[in-house]
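*Asks:* What follows is a single structure, and I will ask about it in a moment.
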Amino acid sequence: MKKLVIILCKALAIILLLGFGVHWALQILGKQNPVWSIADKAYQSFFHKTSNPSVSEFKSIMGGMALGVCHPYTDPYNLSLLKEGNIGWIRIDIPSEVPFQVDSVGNPVLDEEGRIIETGRYRAFKEKCRFFRENGLKVMAITPYPDDWLDEVGEIEMFRNGGEAFSDKFLRSVEARCSYLATDLTAGDKLVNCFQISNELTVPKWQGALTLEQICQYQHIQMKAMHETCRCAGVPIGYNIACVGAGMLDYPVRMQDFKDDFDYVALDLYLGCFEGIMKSTRYFDAMLRSLWQISHKPIMLNEFGYISAGNPKDEHERASYLMDTFGETFNTEEKIKANIGPFLDHWESLIGKESSLIREARRRLQTEGPESAADYVFSSSEISHLYKALPEGYRLRKFDHTEEGQAAFYTDVIDRISRLDFLCGIFCYCYSDSDSCYQCGQKGCPVETGWGLVSIPKGIPDTEMNENTVRRKPSYYAVSDAYGRILARQQ
Ligand SMILES: [Zn+2]
């Protein structure tokens, strides 16, 4: 009898686990309908509904779903393209030297009449915001990275090598600057309509040697300094997560300790570009839904995109690329690894300048030795620059790294995720292709050149530039049409 009870209990546990498990998996992967009633009860008990009053309120403050693009330029012809493309929001960085210089204890430097002296770059940033505002576009502005402000108060070592705790001077300077930003940028007609508090701080290059706890403290001190002013002005503040890895979900869980001090949480996701594991656009749904379940806050997608070039090269293509580009001295990976110092010199001479990638490789060569420098150049995150091609497997099923593949990707993702009730904003990365990769400095390196919706030709005098000299890529039309469908549904 006892045995029978144990067997029955085990059977019940398995049925329950299957019921909950399958339902959770379906929820996360975007299938809305529960499979059977017991799972439906689990949903009622354990999961938040797909929307709540805070979402409706947030959308009404934002003026509907924010449909945006990152880093556009302020030329009039680009403005026409933004408007024609149904783009209502732009997302830009607040420059790091802002908004004013601080003295030796972290307080603002004042002029003779006791007024804060704003820096030139901050004034230029405000001009940019004013231009967009006057032309009917809303602005999401991103506050600086911790290393920018640590550097300014002479404490960059904390970012490079870690440390026990932030100094009072640093915390006071962050607090004073953020408080000023909130007041200055939300006054009157508002130069900024939404803030993102720093960017992707769990990505190693932005996190540096800071612990996740210190990252959260840095975020919280900015939020506390800004939230009340922003709330009164009707300007939401939030933060974004990025980088698929251990810290990615731990970060928003920890940030929930400060949930009263921010309004939204955002995801940045580049599937099939910087990783080769998640092969389906369905993971956008999965990640957005997870973030919603963790935070119970309005959710935004603040960066996403798909590189329109750089399909992986096979072994034969890689071998000929090394030979054609670097010559016989460095025509194999073994030769490059064995002579990494001279290789970096040679590569730099071909590029014509020291790039941040080569600078970092040299730093490792000097401080940690040749093996560390070679490991860096050949690491999965950097090797795309060497071959001007993404590593094998770095692509989503159904979507090639071509201009057509990029367009199909945007249609697929935007049409689907825009139906998630809790989603309040979408920002494509980015507005235009770049001429050269900002990490390696090479022209035509797909890593940081092929993200755009448009391609702006070089060498044409400004007076001859207009919206027809800018080439609209297929992705421009895909995003414009998808945004148009969202706007039609909102009316
Ligand atoms: Zn590159």
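Residues in the structure tokens are numbered from 1 in each chain, the chains being A, B, ... in the order shown, and ligands are numbered from 1 in the order shown.
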As a list of chain:residue names, please: the residues near Tyr270 (chain A) (cut-off 9 Å, only C-alpha atoms, same-chain neighbours under 4 positions excluded).
*Replies:* A:Ala242, A:Cys243, A:Phe274, A:Glu275, A:Glu303, A:Phe304, A:Gly305, A:Tyr306
*Asks:* May I have the selected residues written with N, CA and C atoms, as an mmCIF file, in the first residue's frame?
*Replies:*
data_model
loop_
_atom_site.group_PDB
_atom_site.id
_atom_site.type_symbol
_atom_site.label_atom_id
_atom_site.label_comp_id
_atom_site.auth_asym_id
_atom_site.auth_seq_id
_atom_site.Cartn_x
_atom_site.Cartn_y
_atom_site.Cartn_z
ATOM 1 N N ALA A 242 22.280 43.429 -21.466
ATOM 2 C CA ALA A 242 22.829 42.923 -22.729
ATOM 3 C C ALA A 242 23.836 41.835 -22.399
ATOM 4 N N CYS A 243 24.345 41.190 -23.436
ATOM 5 C CA CYS A 243 25.403 40.198 -23.290
ATOM 6 C C CYS A 243 24.865 38.903 -22.694
ATOM 7 N N PHE A 274 26.874 38.197 -32.621
ATOM 8 C CA PHE A 274 27.959 38.099 -31.645
ATOM 9 C C PHE A 274 27.944 36.762 -30.916
ATOM 10 N N GLU A 275 27.110 35.873 -31.335
ATOM 11 C CA GLU A 275 27.063 34.533 -30.731
ATOM 12 C C GLU A 275 26.486 33.566 -31.760
ATOM 13 N N GLU A 303 18.122 48.074 -28.253
ATOM 14 C CA GLU A 303 19.067 47.867 -29.361
ATOM 15 C C GLU A 303 18.856 46.474 -29.893
ATOM 16 N N PHE A 304 18.761 46.353 -31.190
ATOM 17 C CA PHE A 304 18.797 45.049 -31.848
ATOM 18 C C PHE A 304 19.003 45.299 -33.333
ATOM 19 N N GLY A 305 19.499 44.310 -34.019
ATOM 20 C CA GLY A 305 19.734 44.475 -35.445
ATOM 21 C C GLY A 305 20.405 43.228 -35.975
ATOM 22 N N TYR A 306 20.768 43.277 -37.240
ATOM 23 C CA TYR A 306 21.371 42.116 -37.881
ATOM 24 C C TYR A 306 22.336 42.635 -38.942
#
*Asks:* Got a sec to check which residues lie within 12 Å of ligand 1, using only C-alpha atoms and all ligand atoms, and send them as a tab-separated table (two decimals) with C-alpha atoms, in the first residue's frame?
*Replies:*
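selection.tsv was written with the following content:
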chain	number	residue	atom	x	y	z
A	310	GLY	CA	30.01	39.18	-43.25
A	351	ILE	CA	44.95	49.94	-41.60
A	355	SER	CA	42.73	50.90	-33.55
A	356	SER	CA	41.27	50.09	-30.15
A	357	LEU	CA	41.54	46.37	-30.99
A	358	ILE	CA	45.28	46.59	-31.74
A	377	VAL	CA	43.02	38.44	-31.46
A	381	SER	CA	34.48	38.02	-29.96
A	382	GLU	CA	37.39	39.53	-31.94
A	383	ILE	CA	38.26	37.07	-34.71
A	384	SER	CA	35.59	38.52	-37.03
A	385	HIS	CA	37.80	41.61	-37.44
A	386	LEU	CA	40.80	39.52	-38.50
A	387	TYR	CA	38.91	37.71	-41.27
A	388	LYS	CA	36.36	40.47	-42.01
A	389	ALA	CA	33.76	37.74	-41.65
A	390	LEU	CA	31.68	36.40	-38.80
A	434	SER	CA	29.62	53.17	-41.18
A	435	ASP	CA	32.57	53.58	-43.46
A	436	SER	CA	35.00	51.77	-41.19
A	437	CYS	CA	34.75	49.55	-38.11
A	438	TYR	CA	35.26	51.59	-34.96
A	439	GLN	CA	36.89	48.66	-33.17
A	440	CYS	CA	39.51	47.52	-35.70
A	441	GLY	CA	39.59	50.59	-37.95
A	442	GLN	CA	39.28	48.54	-41.16
A	443	LYS	CA	37.08	49.62	-44.02
A	444	GLY	CA	34.57	46.95	-44.93
A	445	CYS	CA	34.89	45.02	-41.65
A	446	PRO	CA	31.29	43.79	-41.24
A	447	VAL	CA	31.36	43.83	-37.43
A	448	GLU	CA	30.66	47.52	-37.06
A	449	THR	CA	29.88	48.76	-40.57
A	450	GLY	CA	26.80	46.90	-41.82
*Asks:* Could you tell me how far CA of Val265 (chain A) lies from CA of Pro298 (chain A), in Å and to one decimal?
*Replies:*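 Pair CA of Val265 (chain A) / CA of Pro298 (chain A) returns 6.6 Å.
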*Asks:* Counting only C-alpha atoms, which residue out of A:Glu354, A:Asp257, A:Glu57, A:Asp93 sits closest to Pro72 (chain A)?
*Replies:*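 Nearest candidate to Pro72 (chain A) out of A:Glu354, A:Asp257, A:Glu57, A:Asp93: A:Asp93.
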*Asks:* Which parts of region 252-452 of chain A does DSSP call strand (DSSP E) when run on the backbone here, written out as a VMD selection string?
*Replies:* chain A and resid 264 to 269 299 to 304 423 to 428
*Asks:* Store the residues picked out above in a file with N, CA and C atoms, as a PDB file, in the first residue's frame.
*Replies:*
ATOM      1  N   TYR A 264      11.245  51.447 -16.349  1.00  0.00           N
ATOM      2  CA  TYR A 264      11.210  50.392 -17.372  1.00  0.00           C
ATOM      3  C   TYR A 264      12.526  49.622 -17.372  1.00  0.00           C
ATOM      4  N   VAL A 265      12.502  48.461 -18.010  1.00  0.00           N
ATOM      5  CA  VAL A 265      13.731  47.688 -18.217  1.00  0.00           C
ATOM      6  C   VAL A 265      13.825  47.401 -19.716  1.00  0.00           C
ATOM      7  N   ALA A 266      15.043  47.486 -20.248  1.00  0.00           N
ATOM      8  CA  ALA A 266      15.202  47.257 -21.693  1.00  0.00           C
ATOM      9  C   ALA A 266      16.192  46.135 -21.957  1.00  0.00           C
ATOM     10  N   LEU A 267      16.007  45.526 -23.108  1.00  0.00           N
ATOM     11  CA  LEU A 267      16.895  44.465 -23.574  1.00  0.00           C
ATOM     12  C   LEU A 267      17.660  44.965 -24.792  1.00  0.00           C
ATOM     13  N   ASP A 268      18.951  44.625 -24.876  1.00  0.00           N
ATOM     14  CA  ASP A 268      19.723  44.799 -26.111  1.00  0.00           C
ATOM     15  C   ASP A 268      20.105  43.391 -26.546  1.00  0.00           C
ATOM     16  N   LEU A 269      19.840  43.041 -27.802  1.00  0.00           N
ATOM     17  CA  LEU A 269      20.106  41.653 -28.204  1.00  0.00           C
ATOM     18  C   LEU A 269      20.533  41.593 -29.668  1.00  0.00           C
ATOM     19  N   ILE A 299       8.540  46.947 -20.701  1.00  0.00           N
ATOM     20  CA  ILE A 299       9.781  46.439 -21.309  1.00  0.00           C
ATOM     21  C   ILE A 299      10.013  47.141 -22.641  1.00  0.00           C
ATOM     22  N   MET A 300      11.291  47.430 -22.929  1.00  0.00           N
ATOM     23  CA  MET A 300      11.627  47.993 -24.242  1.00  0.00           C
ATOM     24  C   MET A 300      12.770  47.168 -24.848  1.00  0.00           C
ATOM     25  N   LEU A 301      12.871  47.233 -26.164  1.00  0.00           N
ATOM     26  CA  LEU A 301      14.004  46.633 -26.877  1.00  0.00           C
ATOM     27  C   LEU A 301      14.833  47.812 -27.373  1.00  0.00           C
ATOM     28  N   ASN A 302      15.896  48.136 -26.629  1.00  0.00           N
ATOM     29  CA  ASN A 302      16.601  49.397 -26.918  1.00  0.00           C
ATOM     30  C   ASN A 302      17.683  49.286 -27.973  1.00  0.00           C
ATOM     31  N   GLU A 303      18.122  48.074 -28.253  1.00  0.00           N
ATOM     32  CA  GLU A 303      19.067  47.867 -29.361  1.00  0.00           C
ATOM     33  C   GLU A 303      18.856  46.474 -29.893  1.00  0.00           C
ATOM     34  N   PHE A 304      18.761  46.353 -31.190  1.00  0.00           N
ATOM     35  CA  PHE A 304      18.797  45.049 -31.848  1.00  0.00           C
ATOM     36  C   PHE A 304      19.003  45.299 -33.333  1.00  0.00           C
ATOM     37  N   LEU A 423       5.383  45.222 -24.188  1.00  0.00           N
ATOM     38  CA  LEU A 423       6.476  45.878 -24.912  1.00  0.00           C
ATOM     39  C   LEU A 423       6.087  47.316 -25.244  1.00  0.00           C
ATOM     40  N   CYS A 424       6.944  48.262 -24.855  1.00  0.00           N
ATOM     41  CA  CYS A 424       6.591  49.688 -24.991  1.00  0.00           C
ATOM     42  C   CYS A 424       7.507  50.450 -25.921  1.00  0.00           C
ATOM     43  N   GLY A 425       8.550  49.815 -26.450  1.00  0.00           N
ATOM     44  CA  GLY A 425       9.440  50.556 -27.342  1.00  0.00           C
ATOM     45  C   GLY A 425      10.367  49.636 -28.105  1.00  0.00           C
ATOM     46  N   ILE A 426      10.710  50.067 -29.331  1.00  0.00           N
ATOM     47  CA  ILE A 426      11.607  49.289 -30.190  1.00  0.00           C
ATOM     48  C   ILE A 426      12.593  50.275 -30.829  1.00  0.00           C
ATOM     49  N   PHE A 427      13.898  50.024 -30.668  1.00  0.00           N
ATOM     50  CA  PHE A 427      14.912  50.899 -31.272  1.00  0.00           C
ATOM     51  C   PHE A 427      15.858  50.052 -32.116  1.00  0.00           C
ATOM     52  N   CYS A 428      15.870  50.286 -33.420  1.00  0.00           N
ATOM     53  CA  CYS A 428      16.764  49.544 -34.301  1.00  0.00           C
ATOM     54  C   CYS A 428      18.181  50.103 -34.182  1.00  0.00           C
TER      55      CYS A 428
END
*Asks:* Give me, as a list of chain:residue names, the residues of region 393-460 of chain A that a backbone DSSP run labels alpha helix (DSSP H).
*Replies:* A:Glu403, A:Glu404, A:Gly405, A:Gln406, A:Ala407, A:Ala408, A:Phe409, A:Tyr410, A:Thr411, A:Asp412, A:Val413, A:Ile414, A:Asp415, A:Arg416, A:Ile417
*Asks:* Would you mind listing what lies within 10 Å of Glu164 (chain A) as a count of residues only, with only C-alpha atoms counted and same-chain residues fewer than 6 positions away left out?
*Replies:* 4
*Asks:* My list of candidates is A:Leu171, A:Ala478, A:Ile460, A:Leu344. Which is closest to Ala408 (chain A) when distances are computed with only C-alpha atoms?
*Replies:*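 Between A:Leu171, A:Ala478, A:Ile460, A:Leu344, the residue approaching Ala408 (chain A) most closely is A:Ala478.
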*Asks:* For His220 (chain A), work out the shell of residues within 10 Å, counting only C-alpha atoms and skipping chain neighbours fewer than 4 positions away, then give it as number ranges by chain.
*Replies:* A: 175, 197, 214-216, 224-226, 255, 257-259, 261-262
*Asks:* Provide the CA of Pro144 (chain A) to CA of Phe125 (chain A) distance in Å, to one decimal place.
*Replies:* 12.9 Å
*Asks:* Distance CA of Ser455 (chain A)-CA of Ser475 (chain A), one decimal place?
*Replies:* 10.8 Å
